[in-house]
Amino acid sequence: MAYKDDRYYMRTAWLWLAGWALFRLIWAGLFPLAPDEANYWQWGRHLAWGYHDQAPLMGWALWLSTSVLGHCEWSVRLPSVLAMWTASAYLVAMARRWSGTRTAVAVAFLTQGVLVFNVGGLLATPDALQAAGWAGAAYHTARAYENGKWAQWLTAGFWLGLGLLAKYTMIVFPAGAFAYGLFSSQHRVRLISPGPYVGLLLGLAMFCPVIYWNHENNWNSLRHVAHLGGTDQDFILQWRYLGDYVASQAALLSPLVFLLILLSWGTASMGTGVGGHWTQTYYLWTSFPMFAGFALLSLHTRVYGNWPAAGYLTASVLAATYFSQRTKRVFSTRPKERGKLWAWAVGTSYLLTLCVLLHVVWPVLPVPLQMDRTLTELSGWRELGEEAGALKEAMPQPSRTFLFGLRYQIASELAFYSPGRPRTVCINRWKRPNVYDYWWRDQDLLGWDAVGVTLSPDSHTTMLHEVFDRVDPPVALPVTRDLPFYRRKDGACPPIKTFYLYKAYGFRGGLRWKPPEGRDVRKVAQGS
């Protein structure tokens, strides 16, 4: 009878994962690429061992996906959908092996409802690829601690390497996994054998091309990450970013799921979990350091909400282990009360996720326009691409006219949505260094005309005169949607945003970033 129950629970878990993966596959083709997604798609058209902003796996995956399936929103997002399914499958397998089939179903239900996992598993960003690497490495490292087999250490190293190729923050995983072994009386002996170190070397060997690329490019990617980490700022502890960081985590997980994870970390740290199984401490060491590290960093500089997301993978298994079943010894909370908290947490996470995903395709939430990031970031790119392409064809020499943006996001959206998907340019002179610095040189475009796009009609005209012989006044392209809750008293809807398109003639040079005065860790990389 128990065997039949196990089969029922596992069948439910796998069907739930498959159903949500299918849902994401369908949803992936229903809305335009976000600006960062278009930028990663550009990486796939300029293959390299590394990129200025991040590790290269996303670019490689998008090259493969779009080469086979063509260039469309669905094919761009396919790698993320598959990667998040892989990560979810590994989490279910972890729960099944060490906590039972009921916990495995609970993990499936929890992970598919959390907003940050759905965003990572739908949008074309490195987060889902890192999630697959993190979950795979976590599962096989735990198996290796359990049985000491070389095959498990090597497989863990392989997934570590993939995670590092996806996102640099993957380096936190081996540190946490090693710390677990170091402080575990049960498994410390595993660290005496060469297995864990050979696995680590395999992962680092897979990462060597990225190190080589950085060496050949003035360590620009490392400098970029250091800049984001605030290394070129005076070291001052401040509280203003910490509150934003915690709030962003509660929003991306849903407040009650965030609470469950915090309680789970507290329970595991005190050794008062269910049955005292060693995996509970292991889950703590492979999740909490990610959250805590960025919490400390937020005392110095701004931290983006998605940065610690991979750490919540094994934390989800920990939370499901503690709260999805009516067992004893999780703080002093009674089993019945924990069951209610679990149900509310999972239920509200699905409600939040479904509202956001629905709003992305059909804006149904009366969010103030200036606060509706999904609407402002996703609207208007197709119209912009068509208008920019038409202006380009109307220029005196269309074959010697390029499309540009002053931000890499706009340049990338122009590349995806303009007719023929042309190579586009980002003039970085006044903003920041980015991947376009590696794709274009001034001498490639000297004397060319251009059609450019900005989001402001004022200062940019003066700026563009620094790099072009002549610039026509901008043409406004307002982006509107007929949304009842945004209508004014006269019945009209205000523009969501307005693009400004410029015709510019005679490019004189000046693509690359011009470092500002003062300290900036990126200066040496780009020159002055």
# chains A, B, ... in the order shown; residues from 1 in each chain; ligands from 1
>>> residues_around(residues="Pro255 (chain A)", least_positions_apart="3", cutoff="12 Å", atoms="only C-alpha atoms", output="list in words")
Val114, Leu115, Val246, Ala247, Ser248, Gln249, Ala250, Ala251, Leu252, Phe258, Leu259, Leu260, Ile261, Leu262, Leu341, Trp344, Ala345, Val346, Gly347, Thr348, Ser349 and Leu352 of chain A
>>> write_last_selection(atoms="N, CA and C atoms", output="mmCIF file, in the first residue's frame")
data_model
loop_
_atom_site.group_PDB
_atom_site.id
_atom_site.type_symbol
_atom_site.label_atom_id
_atom_site.label_comp_id
_atom_site.auth_asym_id
_atom_site.auth_seq_id
_atom_site.Cartn_x
_atom_site.Cartn_y
_atom_site.Cartn_z
ATOM 1 N N VAL A 114 6.540 29.902 -6.836
ATOM 2 C CA VAL A 114 7.331 31.054 -6.392
ATOM 3 C C VAL A 114 7.627 31.976 -7.572
ATOM 4 N N LEU A 115 7.389 33.262 -7.389
ATOM 5 C CA LEU A 115 7.513 34.223 -8.480
ATOM 6 C C LEU A 115 8.919 34.265 -9.058
ATOM 7 N N VAL A 246 15.704 43.327 1.638
ATOM 8 C CA VAL A 246 14.775 42.410 2.303
ATOM 9 C C VAL A 246 13.395 42.490 1.662
ATOM 10 N N ALA A 247 12.949 43.706 1.359
ATOM 11 C CA ALA A 247 11.631 43.864 0.727
ATOM 12 C C ALA A 247 11.593 43.193 -0.637
ATOM 13 N N SER A 248 12.676 43.298 -1.396
ATOM 14 C CA SER A 248 12.702 42.677 -2.721
ATOM 15 C C SER A 248 12.644 41.164 -2.615
ATOM 16 N N GLN A 249 13.287 40.593 -1.592
ATOM 17 C CA GLN A 249 13.241 39.141 -1.416
ATOM 18 C C GLN A 249 11.834 38.688 -1.042
ATOM 19 N N ALA A 250 11.185 39.440 -0.166
ATOM 20 C CA ALA A 250 9.811 39.097 0.209
ATOM 21 C C ALA A 250 8.872 39.196 -0.987
ATOM 22 N N ALA A 251 9.098 40.172 -1.851
ATOM 23 C CA ALA A 251 8.237 40.335 -3.026
ATOM 24 C C ALA A 251 8.473 39.231 -4.045
ATOM 25 N N LEU A 252 9.731 38.866 -4.269
ATOM 26 C CA LEU A 252 10.039 37.874 -5.300
ATOM 27 C C LEU A 252 9.694 36.455 -4.860
ATOM 28 N N PHE A 258 8.816 33.636 2.010
ATOM 29 C CA PHE A 258 10.038 34.206 2.586
ATOM 30 C C PHE A 258 10.093 33.934 4.080
ATOM 31 N N LEU A 259 8.950 34.077 4.753
ATOM 32 C CA LEU A 259 8.885 33.787 6.183
ATOM 33 C C LEU A 259 9.190 32.316 6.454
ATOM 34 N N LEU A 260 8.622 31.419 5.640
ATOM 35 C CA LEU A 260 8.906 29.989 5.814
ATOM 36 C C LEU A 260 10.388 29.694 5.701
ATOM 37 N N ILE A 261 11.018 30.314 4.724
ATOM 38 C CA ILE A 261 12.446 30.050 4.514
ATOM 39 C C ILE A 261 13.273 30.602 5.671
ATOM 40 N N LEU A 262 12.934 31.794 6.154
ATOM 41 C CA LEU A 262 13.642 32.336 7.311
ATOM 42 C C LEU A 262 13.481 31.426 8.531
ATOM 43 N N LEU A 341 0.050 27.463 7.898
ATOM 44 C CA LEU A 341 1.025 28.419 7.372
ATOM 45 C C LEU A 341 1.552 27.960 6.023
ATOM 46 N N TRP A 344 -1.209 28.505 3.309
ATOM 47 C CA TRP A 344 -1.339 29.929 2.964
ATOM 48 C C TRP A 344 -0.131 30.420 2.180
ATOM 49 N N ALA A 345 1.056 29.981 2.560
ATOM 50 C CA ALA A 345 2.266 30.423 1.858
ATOM 51 C C ALA A 345 2.258 29.963 0.408
ATOM 52 N N VAL A 346 1.968 28.683 0.187
ATOM 53 C CA VAL A 346 1.943 28.159 -1.174
ATOM 54 C C VAL A 346 0.816 28.798 -1.973
ATOM 55 N N GLY A 347 -0.347 28.913 -1.366
ATOM 56 C CA GLY A 347 -1.491 29.492 -2.068
ATOM 57 C C GLY A 347 -1.269 30.938 -2.479
ATOM 58 N N THR A 348 -0.749 31.743 -1.568
ATOM 59 C CA THR A 348 -0.520 33.154 -1.903
ATOM 60 C C THR A 348 0.608 33.318 -2.916
ATOM 61 N N SER A 349 1.584 32.398 -2.911
ATOM 62 C CA SER A 349 2.652 32.496 -3.908
ATOM 63 C C SER A 349 2.097 32.257 -5.308
ATOM 64 N N LEU A 352 0.071 35.422 -6.357
ATOM 65 C CA LEU A 352 0.952 36.511 -6.772
ATOM 66 C C LEU A 352 1.558 36.229 -8.142
#
>>> residues_around(residues="Ser324 (chain A)", least_positions_apart="2", cutoff="10 Å", atoms="only C-alpha atoms", output="short mmCIF file (atom, residue, chain, number, x, y, z; two decimals) with N, CA and C atoms, in the first residue's frame")
data_model
loop_
_atom_site.label_atom_id
_atom_site.label_comp_id
_atom_site.auth_asym_id
_atom_site.auth_seq_id
_atom_site.Cartn_x
_atom_site.Cartn_y
_atom_site.Cartn_z
N ARG A 102 6.04 12.39 -0.06
CA ARG A 102 5.13 13.50 0.25
C ARG A 102 5.87 14.83 0.22
N THR A 103 7.07 14.84 0.74
CA THR A 103 7.86 16.08 0.67
C THR A 103 8.23 16.41 -0.77
N ALA A 104 8.47 15.39 -1.58
CA ALA A 104 8.77 15.63 -2.99
C ALA A 104 7.62 16.35 -3.68
N VAL A 105 6.38 15.92 -3.42
CA VAL A 105 5.22 16.60 -3.99
C VAL A 105 5.15 18.03 -3.47
N ALA A 106 5.41 18.21 -2.18
CA ALA A 106 5.38 19.55 -1.60
C ALA A 106 6.41 20.47 -2.26
N VAL A 107 7.60 19.93 -2.53
CA VAL A 107 8.63 20.72 -3.21
C VAL A 107 8.17 21.11 -4.61
N LEU A 110 5.61 23.90 -4.23
CA LEU A 110 6.21 25.16 -3.77
C LEU A 110 7.02 25.83 -4.88
N ALA A 319 12.34 24.09 3.53
CA ALA A 319 11.04 24.58 4.00
C ALA A 319 9.97 23.52 3.82
N ALA A 320 9.99 22.82 2.70
CA ALA A 320 9.00 21.76 2.48
C ALA A 320 9.17 20.63 3.49
N THR A 321 10.41 20.32 3.83
CA THR A 321 10.68 19.26 4.82
C THR A 321 10.10 19.62 6.18
N TYR A 322 10.22 20.88 6.56
CA TYR A 322 9.78 21.29 7.89
C TYR A 322 8.28 21.59 7.97
N ARG A 326 2.79 17.32 9.10
CA ARG A 326 2.44 17.59 10.48
C ARG A 326 3.35 16.82 11.42
N THR A 327 4.59 17.22 11.45
CA THR A 327 5.56 16.59 12.33
C THR A 327 5.89 17.52 13.49
N PRO A 335 1.88 21.33 14.94
CA PRO A 335 1.79 20.81 13.57
C PRO A 335 0.61 21.36 12.79
N ARG A 338 1.41 24.84 11.64
CA ARG A 338 2.39 24.84 10.57
C ARG A 338 1.75 24.45 9.24
N GLY A 339 0.81 23.50 9.30
CA GLY A 339 0.12 23.11 8.08
C GLY A 339 -0.66 24.25 7.48
N LYS A 340 -1.29 25.05 8.31
CA LYS A 340 -2.02 26.21 7.80
C LYS A 340 -1.07 27.25 7.21
N LEU A 341 0.05 27.46 7.90
CA LEU A 341 1.03 28.42 7.37
C LEU A 341 1.55 27.96 6.02
N TRP A 342 1.83 26.67 5.89
CA TRP A 342 2.30 26.13 4.61
C TRP A 342 1.26 26.34 3.51
N ALA A 343 0.02 26.02 3.80
CA ALA A 343 -1.04 26.15 2.79
C ALA A 343 -1.21 27.60 2.36
N VAL A 346 1.97 28.68 0.19
CA VAL A 346 1.94 28.16 -1.17
C VAL A 346 0.82 28.80 -1.97
#
>>> closest_atom_pairs(of="region 355-400 of chain A", to="region 416-423 of chain A", cutoff="7 Å", atoms="only C-alpha atoms", output="tab-separated table")
residue	atom	partner	partner_atom	distance
A:Trp381	CA	A:Tyr417	CA	6.6
A:Arg382	CA	A:Tyr417	CA	5.4
A:Gly385	CA	A:Ser418	CA	3.9
A:Glu386	CA	A:Ser418	CA	5.5
A:Ala388	CA	A:Ser418	CA	6.9
A:Gly389	CA	A:Ser418	CA	5.5
>>> select_by_dssp(residues="region 319-385 of chain A", states="helix (DSSP H, G or I)", output="NGL selection string")
:A and (319-323 or 335-361 or 369-371 or 373-378 or 381-385)
>>> closest_atom_pairs(of="region 292-377 of chain A", to="region 486-506 of chain A", cutoff="10 Å", atoms="only C-alpha atoms", output="tab-separated table")
residue	atom	partner	partner_atom	distance
A:Pro366	CA	A:Tyr486	CA	7.9
A:Val367	CA	A:Tyr486	CA	9.1
A:Pro368	CA	A:Tyr486	CA	8.1
A:Leu369	CA	A:Ile496	CA	7.0
A:Gln370	CA	A:Ile496	CA	8.4
A:Asp372	CA	A:Ile496	CA	9.5
A:Leu375	CA	A:Ile496	CA	7.6
A:Thr376	CA	A:Ile496	CA	6.1
A:Glu377	CA	A:Lys497	CA	9.3
>>> residues_around(residues="region 211-223 of chain A", least_positions_apart="2", cutoff="12 Å", atoms="only C-alpha atoms", output="ChimeraX atom specification")
/A:47-56,164-165,167-169,204-209,225-232,433-435,437-438,520-527
>>> select_by_dssp(residues="region 401-453 of chain A", states="strand (DSSP E or B)", output="PyMOL selection string")
chain A and resi 401-405+425-426+449-453
>>> closest_residue(among="A:Gly510, A:Gly203, A:Pro194, A:Pro473", to="Leu406 (chain A)", atoms="only C-alpha atoms")
A:Gly510
>>> residues_around(residues="Gly509 (chain A)", least_positions_apart="3", cutoff="12 Å", atoms="only C-alpha atoms", output="PDB file with N, CA and C atoms, in the first residue's frame")
ATOM      1  N   ILE A 427      26.039  53.612 -28.624  1.00  0.00           N
ATOM      2  CA  ILE A 427      27.041  54.657 -28.387  1.00  0.00           C
ATOM      3  C   ILE A 427      27.171  54.814 -26.872  1.00  0.00           C
ATOM      4  N   ASN A 428      28.256  54.268 -26.341  1.00  0.00           N
ATOM      5  CA  ASN A 428      28.431  54.168 -24.892  1.00  0.00           C
ATOM      6  C   ASN A 428      29.104  55.386 -24.264  1.00  0.00           C
ATOM      7  N   ARG A 429      29.468  56.340 -25.070  1.00  0.00           N
ATOM      8  CA  ARG A 429      30.337  57.441 -24.637  1.00  0.00           C
ATOM      9  C   ARG A 429      29.887  58.080 -23.323  1.00  0.00           C
ATOM     10  N   TRP A 440      32.105  46.732 -32.062  1.00  0.00           N
ATOM     11  CA  TRP A 440      32.251  47.832 -33.018  1.00  0.00           C
ATOM     12  C   TRP A 440      33.455  48.689 -32.654  1.00  0.00           C
ATOM     13  N   ARG A 441      34.115  49.213 -33.667  1.00  0.00           N
ATOM     14  CA  ARG A 441      35.158  50.223 -33.496  1.00  0.00           C
ATOM     15  C   ARG A 441      34.747  51.463 -34.287  1.00  0.00           C
ATOM     16  N   ASP A 442      35.270  52.602 -33.876  1.00  0.00           N
ATOM     17  CA  ASP A 442      34.934  53.844 -34.591  1.00  0.00           C
ATOM     18  C   ASP A 442      35.218  53.725 -36.086  1.00  0.00           C
ATOM     19  N   GLN A 443      36.367  53.136 -36.437  1.00  0.00           N
ATOM     20  CA  GLN A 443      36.751  53.080 -37.851  1.00  0.00           C
ATOM     21  C   GLN A 443      35.807  52.225 -38.689  1.00  0.00           C
ATOM     22  N   ASP A 444      34.996  51.377 -38.037  1.00  0.00           N
ATOM     23  CA  ASP A 444      34.017  50.591 -38.798  1.00  0.00           C
ATOM     24  C   ASP A 444      32.890  51.456 -39.349  1.00  0.00           C
ATOM     25  N   LEU A 445      32.671  52.629 -38.726  1.00  0.00           N
ATOM     26  CA  LEU A 445      31.469  53.404 -39.039  1.00  0.00           C
ATOM     27  C   LEU A 445      31.756  54.850 -39.410  1.00  0.00           C
ATOM     28  N   LEU A 446      33.001  55.254 -39.481  1.00  0.00           N
ATOM     29  CA  LEU A 446      33.320  56.645 -39.782  1.00  0.00           C
ATOM     30  C   LEU A 446      32.675  57.080 -41.107  1.00  0.00           C
ATOM     31  N   GLY A 447      31.989  58.219 -41.049  1.00  0.00           N
ATOM     32  CA  GLY A 447      31.337  58.763 -42.236  1.00  0.00           C
ATOM     33  C   GLY A 447      29.943  58.233 -42.491  1.00  0.00           C
ATOM     34  N   TRP A 448      29.519  57.238 -41.743  1.00  0.00           N
ATOM     35  CA  TRP A 448      28.185  56.662 -41.935  1.00  0.00           C
ATOM     36  C   TRP A 448      27.108  57.587 -41.368  1.00  0.00           C
ATOM     37  N   ASP A 449      25.889  57.446 -41.896  1.00  0.00           N
ATOM     38  CA  ASP A 449      24.716  58.090 -41.307  1.00  0.00           C
ATOM     39  C   ASP A 449      24.072  57.114 -40.328  1.00  0.00           C
ATOM     40  N   LEU A 464      24.650  64.240 -29.195  1.00  0.00           N
ATOM     41  CA  LEU A 464      24.863  63.601 -30.490  1.00  0.00           C
ATOM     42  C   LEU A 464      25.676  64.475 -31.427  1.00  0.00           C
ATOM     43  N   HIS A 465      25.608  65.785 -31.253  1.00  0.00           N
ATOM     44  CA  HIS A 465      26.429  66.672 -32.087  1.00  0.00           C
ATOM     45  C   HIS A 465      27.922  66.472 -31.821  1.00  0.00           C
ATOM     46  N   GLU A 466      28.279  65.845 -30.709  1.00  0.00           N
ATOM     47  CA  GLU A 466      29.685  65.564 -30.435  1.00  0.00           C
ATOM     48  C   GLU A 466      30.226  64.457 -31.335  1.00  0.00           C
ATOM     49  N   VAL A 467      29.346  63.596 -31.834  1.00  0.00           N
ATOM     50  CA  VAL A 467      29.821  62.440 -32.589  1.00  0.00           C
ATOM     51  C   VAL A 467      29.287  62.392 -34.021  1.00  0.00           C
ATOM     52  N   PHE A 468      28.412  63.336 -34.394  1.00  0.00           N
ATOM     53  CA  PHE A 468      27.899  63.408 -35.764  1.00  0.00           C
ATOM     54  C   PHE A 468      28.092  64.820 -36.313  1.00  0.00           C
ATOM     55  N   ASP A 469      28.217  64.932 -37.643  1.00  0.00           N
ATOM     56  CA  ASP A 469      28.320  66.247 -38.273  1.00  0.00           C
ATOM     57  C   ASP A 469      27.007  67.015 -38.169  1.00  0.00           C
ATOM     58  N   TYR A 505      23.859  62.405 -39.343  1.00  0.00           N
ATOM     59  CA  TYR A 505      24.632  62.307 -40.579  1.00  0.00           C
ATOM     60  C   TYR A 505      26.124  62.514 -40.281  1.00  0.00           C
ATOM     61  N   GLY A 506      26.941  61.672 -40.916  1.00  0.00           N
ATOM     62  CA  GLY A 506      28.387  61.843 -40.836  1.00  0.00           C
ATOM     63  C   GLY A 506      28.960  61.508 -39.473  1.00  0.00           C
ATOM     64  N   ARG A 512      33.046  54.601 -27.737  1.00  0.00           N
ATOM     65  CA  ARG A 512      33.423  53.986 -26.472  1.00  0.00           C
ATOM     66  C   ARG A 512      33.192  54.897 -25.287  1.00  0.00           C
ATOM     67  N   TRP A 513      33.038  54.272 -24.155  1.00  0.00           N
ATOM     68  CA  TRP A 513      32.786  54.961 -22.897  1.00  0.00           C
ATOM     69  C   TRP A 513      33.912  55.922 -22.560  1.00  0.00           C
TER      70      TRP A 513
END
>>> residues_around(residues="Leu237 (chain A)", least_positions_apart="2", cutoff="12 Å", atoms="only C-alpha atoms", output="list in words")
Gly230, Gln233, Asp234, Phe235, Trp239, Arg240, Tyr241, Leu242, Ala295, Leu296, Leu297, Ser298, Leu299, His300, Thr301 and Arg302 of chain A
>>> write_last_selection(atoms="N, CA, C and O atoms", output="PDB file, in the first residue's frame")
ATOM      1  N   GLY A 230      30.441  47.821  -5.552  1.00  0.00           N
ATOM      2  CA  GLY A 230      30.757  49.044  -4.825  1.00  0.00           C
ATOM      3  C   GLY A 230      32.202  49.179  -4.401  1.00  0.00           C
ATOM      4  O   GLY A 230      32.508  49.942  -3.476  1.00  0.00           O
ATOM      5  N   GLN A 233      33.633  52.694  -4.326  1.00  0.00           N
ATOM      6  CA  GLN A 233      32.977  53.638  -3.431  1.00  0.00           C
ATOM      7  C   GLN A 233      33.664  53.609  -2.072  1.00  0.00           C
ATOM      8  O   GLN A 233      34.267  52.602  -1.698  1.00  0.00           O
ATOM      9  N   ASP A 234      33.579  54.722  -1.365  1.00  0.00           N
ATOM     10  CA  ASP A 234      34.100  54.737  -0.007  1.00  0.00           C
ATOM     11  C   ASP A 234      33.349  53.715   0.846  1.00  0.00           C
ATOM     12  O   ASP A 234      32.119  53.567   0.719  1.00  0.00           O
ATOM     13  N   PHE A 235      34.068  53.001   1.695  1.00  0.00           N
ATOM     14  CA  PHE A 235      33.442  51.969   2.507  1.00  0.00           C
ATOM     15  C   PHE A 235      32.692  52.617   3.665  1.00  0.00           C
ATOM     16  O   PHE A 235      33.285  53.039   4.669  1.00  0.00           O
ATOM     17  N   TRP A 239      22.122  51.768   6.097  1.00  0.00           N
ATOM     18  CA  TRP A 239      20.970  50.897   6.248  1.00  0.00           C
ATOM     19  C   TRP A 239      19.965  51.014   5.111  1.00  0.00           C
ATOM     20  O   TRP A 239      19.086  50.162   4.982  1.00  0.00           O
ATOM     21  N   ARG A 240      20.071  52.028   4.273  1.00  0.00           N
ATOM     22  CA  ARG A 240      18.993  52.312   3.318  1.00  0.00           C
ATOM     23  C   ARG A 240      18.812  51.197   2.294  1.00  0.00           C
ATOM     24  O   ARG A 240      17.695  50.944   1.858  1.00  0.00           O
ATOM     25  N   TYR A 241      19.901  50.526   1.904  1.00  0.00           N
ATOM     26  CA  TYR A 241      19.772  49.464   0.913  1.00  0.00           C
ATOM     27  C   TYR A 241      19.322  48.140   1.526  1.00  0.00           C
ATOM     28  O   TYR A 241      18.753  47.300   0.826  1.00  0.00           O
ATOM     29  N   LEU A 242      19.592  47.943   2.809  1.00  0.00           N
ATOM     30  CA  LEU A 242      19.218  46.678   3.448  1.00  0.00           C
ATOM     31  C   LEU A 242      17.710  46.482   3.439  1.00  0.00           C
ATOM     32  O   LEU A 242      17.206  45.387   3.142  1.00  0.00           O
ATOM     33  N   ALA A 295      23.005  40.194   1.820  1.00  0.00           N
ATOM     34  CA  ALA A 295      22.494  41.078   2.868  1.00  0.00           C
ATOM     35  C   ALA A 295      23.620  41.952   3.413  1.00  0.00           C
ATOM     36  O   ALA A 295      23.451  43.168   3.628  1.00  0.00           O
ATOM     37  N   LEU A 296      24.791  41.362   3.632  1.00  0.00           N
ATOM     38  CA  LEU A 296      25.944  42.144   4.094  1.00  0.00           C
ATOM     39  C   LEU A 296      26.381  43.148   3.033  1.00  0.00           C
ATOM     40  O   LEU A 296      26.707  44.305   3.356  1.00  0.00           O
ATOM     41  N   LEU A 297      26.382  42.727   1.774  1.00  0.00           N
ATOM     42  CA  LEU A 297      26.760  43.652   0.707  1.00  0.00           C
ATOM     43  C   LEU A 297      25.791  44.826   0.618  1.00  0.00           C
ATOM     44  O   LEU A 297      26.197  45.948   0.298  1.00  0.00           O
ATOM     45  N   SER A 298      24.514  44.582   0.921  1.00  0.00           N
ATOM     46  CA  SER A 298      23.524  45.661   0.849  1.00  0.00           C
ATOM     47  C   SER A 298      23.754  46.737   1.906  1.00  0.00           C
ATOM     48  O   SER A 298      23.178  47.821   1.824  1.00  0.00           O
ATOM     49  N   LEU A 299      24.586  46.440   2.899  1.00  0.00           N
ATOM     50  CA  LEU A 299      24.956  47.478   3.865  1.00  0.00           C
ATOM     51  C   LEU A 299      25.936  48.479   3.267  1.00  0.00           C
ATOM     52  O   LEU A 299      26.210  49.521   3.873  1.00  0.00           O
ATOM     53  N   HIS A 300      26.453  48.163   2.081  1.00  0.00           N
ATOM     54  CA  HIS A 300      27.431  49.035   1.432  1.00  0.00           C
ATOM     55  C   HIS A 300      26.925  49.612   0.114  1.00  0.00           C
ATOM     56  O   HIS A 300      27.152  50.783  -0.193  1.00  0.00           O
ATOM     57  N   THR A 301      26.217  48.802  -0.674  1.00  0.00           N
ATOM     58  CA  THR A 301      25.785  49.250  -1.985  1.00  0.00           C
ATOM     59  C   THR A 301      24.459  48.598  -2.336  1.00  0.00           C
ATOM     60  O   THR A 301      23.980  47.694  -1.642  1.00  0.00           O
ATOM     61  N   ARG A 302      23.879  49.016  -3.443  1.00  0.00           N
ATOM     62  CA  ARG A 302      22.595  48.470  -3.860  1.00  0.00           C
ATOM     63  C   ARG A 302      22.771  47.036  -4.365  1.00  0.00           C
ATOM     64  O   ARG A 302      23.699  46.726  -5.107  1.00  0.00           O
TER      65      ARG A 302
END
>>> atom_distance(atom1="CA of Leu354 (chain A)", atom2="CA of Gly113 (chain A)")
8.4 Å
>>> closest_residue(among="A:Asp458, A:Ala450, A:Phe173, A:Glu393", to="Arg470 (chain A)", atoms="only C-alpha atoms")
A:Ala450
>>> atom_distance(atom1="CA of His277 (chain A)", atom2="CA of Trp265 (chain A)")
14.3 Å
>>> atom_distance(atom1="CA of Trp63 (chain A)", atom2="CA of Trp41 (chain A)")
7.8 Å
>>> closest_residue(among="A:Leu123, A:Val189, A:Ala128, A:Ala309", to="Leu378 (chain A)", atoms="only C-alpha atoms")
A:Leu123
>>> decode(residues="region 181-192 of chain A", atoms="N, CA, C and O atoms", output="mmCIF file, in the first residue's frame")
data_model
loop_
_atom_site.group_PDB
_atom_site.id
_atom_site.type_symbol
_atom_site.label_atom_id
_atom_site.label_comp_id
_atom_site.auth_asym_id
_atom_site.auth_seq_id
_atom_site.Cartn_x
_atom_site.Cartn_y
_atom_site.Cartn_z
ATOM 1 N N GLY A 181 30.778 20.186 4.960
ATOM 2 C CA GLY A 181 31.617 19.031 5.237
ATOM 3 C C GLY A 181 32.606 19.292 6.355
ATOM 4 O O GLY A 181 32.871 18.411 7.196
ATOM 5 N N LEU A 182 33.136 20.503 6.393
ATOM 6 C CA LEU A 182 34.137 20.845 7.405
ATOM 7 C C LEU A 182 33.553 20.795 8.808
ATOM 8 O O LEU A 182 34.219 20.351 9.761
ATOM 9 N N PHE A 183 32.300 21.224 8.955
ATOM 10 C CA PHE A 183 31.690 21.275 10.280
ATOM 11 C C PHE A 183 30.823 20.055 10.595
ATOM 12 O O PHE A 183 30.206 19.997 11.655
ATOM 13 N N SER A 184 30.769 19.102 9.674
ATOM 14 C CA SER A 184 29.949 17.916 9.884
ATOM 15 C C SER A 184 30.798 16.779 10.438
ATOM 16 O O SER A 184 31.716 16.282 9.774
ATOM 17 N N SER A 185 30.489 16.343 11.650
ATOM 18 C CA SER A 185 31.219 15.207 12.220
ATOM 19 C C SER A 185 30.939 13.930 11.446
ATOM 20 O O SER A 185 31.779 13.026 11.395
ATOM 21 N N GLN A 186 29.785 13.846 10.824
ATOM 22 C CA GLN A 186 29.406 12.649 10.078
ATOM 23 C C GLN A 186 30.137 12.545 8.738
ATOM 24 O O GLN A 186 30.508 11.461 8.312
ATOM 25 N N HIS A 187 30.368 13.687 8.085
ATOM 26 C CA HIS A 187 30.893 13.644 6.719
ATOM 27 C C HIS A 187 32.233 14.349 6.541
ATOM 28 O O HIS A 187 32.710 14.475 5.418
ATOM 29 N N ARG A 188 32.843 14.792 7.617
ATOM 30 C CA ARG A 188 34.131 15.470 7.501
ATOM 31 C C ARG A 188 35.181 14.561 6.868
ATOM 32 O O ARG A 188 36.084 15.013 6.158
ATOM 33 N N VAL A 189 35.024 13.278 7.092
ATOM 34 C CA VAL A 189 35.984 12.316 6.560
ATOM 35 C C VAL A 189 36.008 12.328 5.035
ATOM 36 O O VAL A 189 37.026 11.985 4.417
ATOM 37 N N ARG A 190 34.902 12.715 4.406
ATOM 38 C CA ARG A 190 34.874 12.760 2.938
ATOM 39 C C ARG A 190 35.874 13.770 2.380
ATOM 40 O O ARG A 190 36.362 13.620 1.258
ATOM 41 N N LEU A 191 36.195 14.788 3.155
ATOM 42 C CA LEU A 191 37.109 15.824 2.677
ATOM 43 C C LEU A 191 38.563 15.370 2.698
ATOM 44 O O LEU A 191 39.437 16.073 2.182
ATOM 45 N N ILE A 192 38.824 14.201 3.291
ATOM 46 C CA ILE A 192 40.180 13.660 3.287
ATOM 47 C C ILE A 192 40.496 13.018 1.940
ATOM 48 O O ILE A 192 41.641 12.997 1.492
#
